[in-house]
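To keep things clear, I will list the structure first and then write my remarks on it.
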Amino acid sequence: MMKVGRRIGLFLAAAPILSGCSNSAAEIGSSAAQTEAETSQAETERAGETAVTSLPQIDSTKWQYNSDDKIYWQTGISYCENPADENYETLGIFIPAAYMNAKDNGDGTFTCEINNQAAVQGYTADSAPIVIPVNTPGYSAMEAPTDYVTDSVSYTSAGFIYVAAGCRGRDAGAPAGVTDLKAAIRYIRYNDGVIPGDVDRVFSFGMSGGGAQSALLGATGDSEEYEPYLTAIGAVSGVSDAVTGSMCWCPITELDYADEAYEWNLGSTRTDLTEQEQTLSNGMAEAFAQYINDLGLKDSSGNVLTLTESEEGIYQSGTYYEYLKGVVETSLNNFLEDTTFPYTVETKKGPRGGGERPDGQKPDGAPQGENSGQKPDGAPQDGNGMPDDMQKDGQKDGRLDGKQAQGTSDENKAGDDTTKTRTEKNRKASEEKAPADKNADGDAASDKGNGAPDFYAMDGVDRNLSTGGVTLSGTYETAQDYIDALNADGTWVNYDSATNTATITSIADFTNACKRASKGIGAFDALDESQAENTLFGYGDGTTSHFDAILADLLKDDETYGAAFTEAMEKTDSQGNTVTERGNMYNPLYYLSSYYDGYQKSTVADYWRIRTGIAQSDTSLTTEVNLALALKNYGADVDFATIWGEGHTMAESTGDSVTNFIEWVNKCLK
C-alpha cells in the first residue's frame, strides 16, 4: 500500500502558544512568545522534516467556544505568506471540546492545551482524522469562513477535526484552487502538535467541480508541478501536501479527453447536427477510442481494456465496452436489490454542486428545483433548465456557425435563475456587466464560494425531457412493472424475475433512454468558450481559453474556430506553462497512468470513495469509471459505485452523504 507521507514530528508538544501577538511562535518546552523578528527566521526545525515559513502557528490563546455543539474554533487563519487574494486564502478549524483543556480568558476567548486523554468515538487528539470540504461547484471560489460553521458538528461529533479552507476559483485560472488547498494542508501540518489531529489522516471530500478538486488533492500529493505556484503565494515548504483519502461525488475529471468521451458516449443521442457537425462529433468519438486503447486500463483480472470497431456506432465493442456495459448492469441490479416494491418514484431534495456555503446555509436568493424536469412558475423549459425561447433563431447545441447555444451543465447553472445560451458577443457583454469574480454565466454569488442551491433529483429515470428518453413517475407494484416502464419505447432491459437481475442490450440503448446529451459539441471546451472549464483554463485576467488539443487539431483548418484554438495551445501563463501543461496538473490520470509523463511522480492517497449518478448528462459514463480503474491499477483502495436513477448530485444508494462519508473514513482507519 502506498504511503501518504512521513509522520511530521513537530517539536511542539501540548504546550499552547500563549502570546496574543499575531506573529508569535513557541520554543521547545516553552510557552513564551517570540518577537516578530525571531518568528520570521527562515527555518523551524522538525523531527525528520523542516518546515520553512515565516507564518506564525495557530494562536492557542484565541479559541472561541460553541457550547451547544461543544466545539472550540478559530477562523481567519492565514495559510500562506503572500496571498493572491486575502478574501479566500485563510482557513477555519473546528475541534471537539473533549480534545482540549481550556482556560477562560474572560473576553469570550479561551486558551487551550491539547488533552491527550479523552476520546471521541474511539479517536483521541493524537489519532483524530482531519477532514477538508471542497465546496467548489464549477471550480468556483470557496469563501473562507468568518464565523462558526454549523456543518462542522456532524464531523466533530464523530471525533474528526474539521478544517474549512477558502480557496480561489476558476476566475483565477488553474491551478489556483488546488494550489490554495495544498497550501492549507501544508499549514495544518506545520501546526502538528499545536492542534489536535493526526496530520497523516487527512481526508478531502467534494462534489462535481469540488469532487474534481478533491480527486486532484488525492492524486497530486507533493507534485513538483505545483511548486512554483505554491512558492508564489508563500506556502509552507518542507512538509507534505498529500492526503490520506479522497471522497469524490460526480468528479469532473479527465478534461483532456472529456469532450471526446462525451461524443463517444452521448453524441449518438443528438439528431439535429449538420453534416459538418456530425463529422466533428465522429472524429472526436474516434479519438476517444484511440485514447482508451493507448491508456492501457486493466480489469481486476489484469485484462487490458480496449475498444474495437463495430457495425453499429463508433467503436461500440471490445473489452472496455463490455466492462462499461457491466457497470450499467451492476448499477441497475444494485437498485433492484436495494428497492422494496411497490416502489413510488418521488421527488427528493438534496445538495448539488458541492452543497452549501461554509456556514451551512444556501446562497441568498438561490433558486430551487433546478433539473427537476418541472417548469418553474409555468415558464416553458426544456430538460436542461433552458427556456424554450432561448432555443429559437436556429441556435441549437453543437452549432459550428458562430451561433452556438452551448448546453450548460447543472453545476454551471448554480445560483443563476436564467441559464444563458449566448453567442460570443452576448457572452462578452455579460462578462463586462458582471463583477470580476463570477461564474461562466456571469453569476457573482455562486462563484464567491457560497456553494449551490438544493435541487430535486429523481429516484427514477427523468432526464432531458425535451430530447426524449424515458420518464418514470408514480408507483410500480413490482420490479417487472418498473422494467416495463424502462422499456416503454422499446426493449433494452431484459429482466429475470427468478433471480431479480437485469441485463441491457447496449450502452447506446441505455444512453438513449436514460442519459441523453444536454451539452453541445465541445461539452467542456465550448466552441464559444462559454463553459466553466474555459474560464478555469484562462489566465486570471478575466479571459477564457480553449484547452482541448484534440479539438484544436480537428478544427485547425476551420475558418471560425481554428485560429483561436491554435493560439490557445501556444500561450503560456506566468510560470511559463502552456494550457496543456496546466491541464495535466488538473487531470488525476496524469499521475495515475503510465500513458502520461506524471505517472508515479506524486504521492497518491491510499483510500478513495467515488459515487456518481448514472443518469447525469453532465459527463460521460466513462469519467468516473476511468478514474476508478486507474486508481485500482495503481494499487489504491477504491470504493466505487454508480447510483441508478440519480443525476449530478451527491448520489448515494442508501443513507445520506454525510453519514456514509463518515462511516467510510472510519472503515479506512479503524
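FYI, nothing fancy with the C-alpha cells labels: chains A, B, ... in order, residues from 1 per chain, ligands from 1 as they appear.
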
Just the residues within 9 Å of region 556-572 of chain A, please, counting only C-alpha atoms, with nothing from its chain fewer than 3 positions along; format it as a ChimeraX atom specification. /A:400-402,527-528,539,545-549,551-553,575-580

So that I can check the surroundings of Phe335 (chain A), please list as a PyMOL selection string every protein, DNA and RNA residue that reaches within 9 Å of it, counting only C-alpha atoms and ignoring chain neighbours fewer than 6 positions away. chain A and resi 643-645+653

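The coordinates place CA of Glu322 (chain A) at 26.1 Å from CA of Phe524 (chain A).
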
Which of region 275-357 of chain A end up as helix (DSSP H, G or I) when DSSP is run on this backbone - answer as number ranges by chain? A: 275-295, 319-338

For those residues, write C-alpha atoms to a file as a short mmCIF file (atom, residue, chain, number, x, y, z; two decimals), in the first residue's frame.
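Result written to selection00.cif:
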data_model
loop_
_atom_site.label_atom_id
_atom_site.label_comp_id
_atom_site.auth_asym_id
_atom_site.auth_seq_id
_atom_site.Cartn_x
_atom_site.Cartn_y
_atom_site.Cartn_z
CA GLU A 275 -23.06 17.17 -41.76
CA GLN A 276 -20.07 19.23 -40.65
CA GLU A 277 -21.04 18.92 -37.01
CA GLN A 278 -21.62 15.19 -37.28
CA THR A 279 -18.20 14.74 -38.89
CA LEU A 280 -16.60 16.61 -35.99
CA SER A 281 -18.53 14.57 -33.42
CA ASN A 282 -17.49 11.33 -35.11
CA GLY A 283 -13.87 12.40 -35.22
CA MET A 284 -13.92 13.15 -31.51
CA ALA A 285 -15.52 9.79 -30.72
CA GLU A 286 -12.84 8.00 -32.74
CA ALA A 287 -10.12 9.96 -30.93
CA PHE A 288 -11.55 8.81 -27.61
CA ALA A 289 -11.41 5.18 -28.73
CA GLN A 290 -7.76 5.60 -29.68
CA TYR A 291 -7.08 7.19 -26.30
CA ILE A 292 -8.68 4.28 -24.44
CA ASN A 293 -6.63 1.81 -26.45
CA ASP A 294 -3.44 3.69 -25.60
CA LEU A 295 -4.38 4.25 -21.95
CA THR A 319 -13.34 -5.41 -23.66
CA TYR A 320 -13.62 -1.81 -22.46
CA TYR A 321 -17.12 -1.60 -23.91
CA GLU A 322 -18.18 -4.81 -22.19
CA TYR A 323 -16.71 -3.60 -18.91
CA LEU A 324 -18.68 -0.36 -19.16
CA LYS A 325 -21.82 -2.26 -20.08
CA GLY A 326 -21.30 -4.29 -16.91
CA VAL A 327 -21.08 -1.09 -14.86
CA VAL A 328 -24.54 -0.09 -16.09
CA GLU A 329 -25.98 -3.51 -15.34
CA THR A 330 -24.42 -3.56 -11.87
CA SER A 331 -25.94 -0.16 -11.13
CA LEU A 332 -29.40 -1.32 -12.18
CA ASN A 333 -29.11 -4.62 -10.32
CA ASN A 334 -27.97 -2.86 -7.14
CA PHE A 335 -31.08 -0.69 -7.42
CA LEU A 336 -33.30 -3.74 -7.83
CA GLU A 337 -31.67 -5.43 -4.84
CA ASP A 338 -31.97 -2.35 -2.62
#

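Among A:Ala232, A:Ala98, A:Thr654, A:Gln57, the residue with the shortest atom-to-atom distance to Asp192 (chain A), counting only C-alpha atoms, is A:Gln57.
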
For the contact check between region 105-205 of chain A and region 62-65 of chain A, emit one row per residue of region 105-205 of chain A within 8 Å, containing the shortest atom pair and the distance in Å rounded to one decimal, counting only C-alpha atoms, chain then rising number order, as CSV.
residue,atom,partner,partner_atom,distance
A:Gly108,CA,A:Gln64,CA,6.7
A:Thr109,CA,A:Gln64,CA,5.0
A:Phe110,CA,A:Trp63,CA,5.0
A:Thr111,CA,A:Lys62,CA,6.3
A:Cys112,CA,A:Trp63,CA,7.1

Preceding selection exported with C-alpha atoms as an mmCIF file, in the first residue's frame:
data_model
loop_
_atom_site.group_PDB
_atom_site.id
_atom_site.type_symbol
_atom_site.label_atom_id
_atom_site.label_comp_id
_atom_site.auth_asym_id
_atom_site.auth_seq_id
_atom_site.Cartn_x
_atom_site.Cartn_y
_atom_site.Cartn_z
ATOM 1 C CA GLY A 108 -15.048 35.477 25.087
ATOM 2 C CA THR A 109 -11.904 33.618 24.088
ATOM 3 C CA PHE A 110 -10.095 30.654 25.599
ATOM 4 C CA THR A 111 -6.530 29.482 25.988
ATOM 5 C CA CYS A 112 -6.405 25.779 25.150
#

What is the CA of Ala235 (chain A)-CA of Asn116 (chain A) distance in Å, reported with one decimal? 29.1 Å

One decimal place gives the CA of Trp492 (chain A)-CA of Ser506 (chain A) separation as 7.3 Å

Give me the residues near Tyr88 (chain A) as a count of residues only, where near means some atom within 8 Å (using only C-alpha atoms) and where sequence neighbours in that chain fewer than 5 positions away do not count. 8

Applying 12 Å and only C-alpha atoms, which residues near Asp509 (chain A) remain after dropping the ones on its own chain fewer than 6 positions away? List them as a PDB file with C-alpha atoms, in the first residue's frame.
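Listing of result.pdb after writing:
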ATOM      1  CA  ASN A 265     -20.928   8.075 -25.084  1.00  0.00           C
ATOM      2  CA  LEU A 266     -23.690  10.649 -25.601  1.00  0.00           C
ATOM      3  CA  SER A 268     -25.369   9.470 -30.719  1.00  0.00           C
ATOM      4  CA  THR A 269     -28.399  10.832 -28.832  1.00  0.00           C
ATOM      5  CA  GLU A 312     -23.327  -0.004 -35.050  1.00  0.00           C
ATOM      6  CA  GLY A 313     -21.977   3.236 -33.654  1.00  0.00           C
ATOM      7  CA  GLN A 316     -19.040   0.259 -29.609  1.00  0.00           C
ATOM      8  CA  LYS A 325     -21.824  -2.260 -20.077  1.00  0.00           C
ATOM      9  CA  VAL A 328     -24.536  -0.086 -16.090  1.00  0.00           C
ATOM     10  CA  GLY A 469     -35.864   9.298 -23.219  1.00  0.00           C
ATOM     11  CA  VAL A 470     -37.954   7.533 -20.636  1.00  0.00           C
ATOM     12  CA  LEU A 486     -37.951   1.486 -18.756  1.00  0.00           C
ATOM     13  CA  ASN A 487     -38.786  -0.453 -21.917  1.00  0.00           C
ATOM     14  CA  ASP A 489     -40.016   2.992 -26.064  1.00  0.00           C
ATOM     15  CA  GLY A 490     -38.537  -0.393 -26.965  1.00  0.00           C
ATOM     16  CA  THR A 491     -36.965  -3.309 -25.125  1.00  0.00           C
ATOM     17  CA  TRP A 492     -33.415  -2.638 -23.986  1.00  0.00           C
ATOM     18  CA  VAL A 493     -33.589  -4.158 -20.481  1.00  0.00           C
ATOM     19  CA  THR A 503     -29.084  -7.104 -18.405  1.00  0.00           C
ATOM     20  CA  LYS A 515     -28.602   9.661 -20.351  1.00  0.00           C
ATOM     21  CA  ARG A 516     -29.206  11.904 -23.344  1.00  0.00           C
TER      22      ARG A 516
END
